[in-house]
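See below for query_35.txt, which holds compact mmCIF, C-alpha atoms.
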```
# COMPACT_ATOMS: atom_id res chain seq x y z
CA MET A 6 107.16 54.30 113.40
CA ALA A 7 107.83 57.31 115.62
CA ASP A 8 110.12 58.74 112.95
CA ASP A 9 107.29 58.52 110.38
CA LYS A 10 104.94 60.41 112.72
CA ALA A 11 107.56 63.08 113.37
CA ASN A 12 108.22 63.39 109.62
CA ALA A 13 104.49 63.66 108.89
CA ALA A 14 104.03 66.25 111.63
CA ALA A 15 106.94 68.33 110.28
CA TYR A 16 105.55 68.07 106.74
CA TRP A 17 102.09 69.26 107.77
CA LYS A 18 103.53 72.02 109.92
CA ALA A 19 105.46 73.31 106.90
CA ASN A 20 102.37 72.93 104.69
CA VAL A 21 100.12 74.81 107.12
CA SER A 22 102.74 77.54 107.41
CA LEU A 23 102.81 77.88 103.62
CA ILE A 24 99.02 78.05 103.49
CA THR A 25 98.92 80.63 106.28
CA TRP A 26 101.42 82.94 104.58
CA SER A 27 99.58 82.56 101.27
CA LEU A 28 96.32 83.59 102.93
CA VAL A 29 97.99 86.55 104.65
CA VAL A 30 99.37 87.83 101.32
CA TRP A 31 96.02 87.26 99.62
CA ALA A 32 94.11 89.12 102.37
CA LEU A 33 96.60 91.99 102.40
CA VAL A 34 96.41 92.49 98.65
CA SER A 35 92.68 91.98 98.14
CA TYR A 36 91.22 93.42 101.34
CA GLY A 37 94.05 95.66 102.50
CA PHE A 38 95.13 97.33 99.25
CA GLY A 39 91.73 97.18 97.57
CA ILE A 40 89.60 98.45 100.46
CA LEU A 41 91.40 99.60 103.59
CA LEU A 42 94.41 101.33 102.03
CA ARG A 43 92.59 102.63 98.96
CA PRO A 44 92.50 106.27 100.15
CA MET A 45 96.29 106.24 100.54
CA LEU A 46 96.76 104.69 97.08
CA MET A 47 94.45 107.13 95.23
CA GLY A 48 97.27 109.40 94.06
CA ILE A 49 99.14 106.63 92.24
CA SER A 50 97.87 106.03 88.71
CA VAL A 51 98.03 102.65 86.97
CA GLY A 52 96.54 102.34 83.50
CA GLY A 53 94.31 105.39 83.93
CA ALA A 54 92.89 104.33 87.31
CA ASP A 55 94.15 104.80 90.83
CA LEU A 56 96.20 101.98 92.37
CA GLY A 57 93.56 101.06 94.98
CA PHE A 58 90.93 100.56 92.29
CA TRP A 59 93.43 98.57 90.20
CA PHE A 60 94.13 96.22 93.14
CA ALA A 61 90.41 95.79 93.78
CA GLN A 62 89.67 94.99 90.13
CA GLN A 63 92.75 93.27 88.69
CA GLY A 64 95.66 93.26 91.09
CA SER A 65 94.07 90.92 93.60
CA ILE A 66 93.20 88.42 90.86
CA ILE A 67 96.71 88.52 89.38
CA THR A 68 98.19 88.15 92.87
CA PHE A 69 95.86 85.23 93.62
CA ILE A 70 97.00 83.43 90.46
CA ALA A 71 100.65 84.11 91.39
CA ILE A 72 99.99 82.67 94.86
CA ILE A 73 98.54 79.51 93.30
CA PHE A 74 101.65 78.98 91.18
CA HIS A 75 103.96 79.78 94.10
CA TYR A 76 102.07 77.35 96.35
CA ALA A 77 102.29 74.54 93.78
CA TRP A 78 106.02 75.16 93.20
CA ARG A 79 106.81 75.36 96.92
CA LEU A 80 104.68 72.32 97.79
CA ASN A 81 106.51 70.27 95.14
CA LYS A 82 109.78 71.27 96.81
CA LEU A 83 108.33 70.30 100.21
CA ASP A 84 107.20 66.95 98.83
CA LYS A 85 110.70 66.19 97.56
CA GLU A 86 112.25 67.37 100.82
CA PHE A 87 110.07 65.02 102.89
CA GLY A 88 110.09 62.16 100.38
CA VAL A 89 106.38 62.16 99.56
CA GLU A 90 106.54 63.25 95.91
CA GLU A 91 104.43 61.48 93.34
```
structure tokens encoding of this file:
Amino acid sequence: MADDKANAAAYWKANVSLITWSLVVWALVSYGFGILLRPMLMGISVGGADLGFWFAQQGSIITFIAIIFHYAWRLNKLDKEFGVEE
């Protein structure tokens, strides 16, 4: 019984860590690159627009979708590692 609780605690700790890093990347790309760092990214052109504008309009959405796929892939690996896969 204690081993199950320790296993569950380790699983959720790994899951929360994965969620935290996903949110950090998402915030950095959407808020950081799109708003805060936009003046520094103005000289770099992507598709006719500066890089800061691109991140604000498309880059953050593409990154968010990539984070979703990465989270699903990594969580499936975590499920197999801890023996809770479907």
Restricting the calculation to only C-alpha atoms: of A:Ile49, A:Asp9, A:Lys18, A:Ser27, which residue gets closest to His75 in chain A?
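With only C-alpha atoms as the atom set, the closest residue is A:Ser27.
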Find the residues near Leu41 in chain A: any atom within 12 Å, counting all atoms listed in the file, skip ones fewer than 3 places away on the same chain, and give them as a count of residues only.
15
Distance CA of Phe87 in chain A-CA of Tyr16 in chain A, one decimal place?
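Straight-line distance from CA of Phe87 in chain A to CA of Tyr16 in chain A works out to 6.7 Å.
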Quick check, in Å to one decimal: how far apart do CA of Leu23 in chain A and CA of Trp59 in chain A lie?
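CA of Trp59 in chain A lies at a distance of 26.4 Å from CA of Leu23 in chain A.
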From the list A:Gly52, A:Leu80, A:Arg43, A:Gln63, which residue is nearest Ser22 in chain A when using only C-alpha atoms?
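Comparing A:Gly52, A:Leu80, A:Arg43, A:Gln63 against Ser22 in chain A, the winner is A:Leu80.
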Please indicate the distance in Å from CA of Tyr76 in chain A to CA of Ile24 in chain A, rounded to one decimal place.
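These atoms are spaced 7.8 Å apart.
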Residue nearest Thr68 in chain A among A:Trp31, A:Asn20, A:Ala14, A:Ser50 (counting all atoms listed in the file):
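Nearest to Thr68 in chain A: A:Trp31.
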For Val51 in chain A, which residue out of A:Gly64, A:Leu28, A:Trp17, A:Asn12 is the nearest one, using all atoms listed in the file?
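Among A:Gly64, A:Leu28, A:Trp17, A:Asn12, it is A:Gly64 that comes nearest to Val51 in chain A.
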Box along x, y and z, 5 Å on every side, all listed atoms of range 73-82 of chain A inside: centre and edge lengths in Å to one decimal, as AutoDock Vina command-line options.
```
--center_x 104.2 --center_y 75.0 --center_z 94.5 --size_x 21.2 --size_y 19.5 --size_z 16.6
```
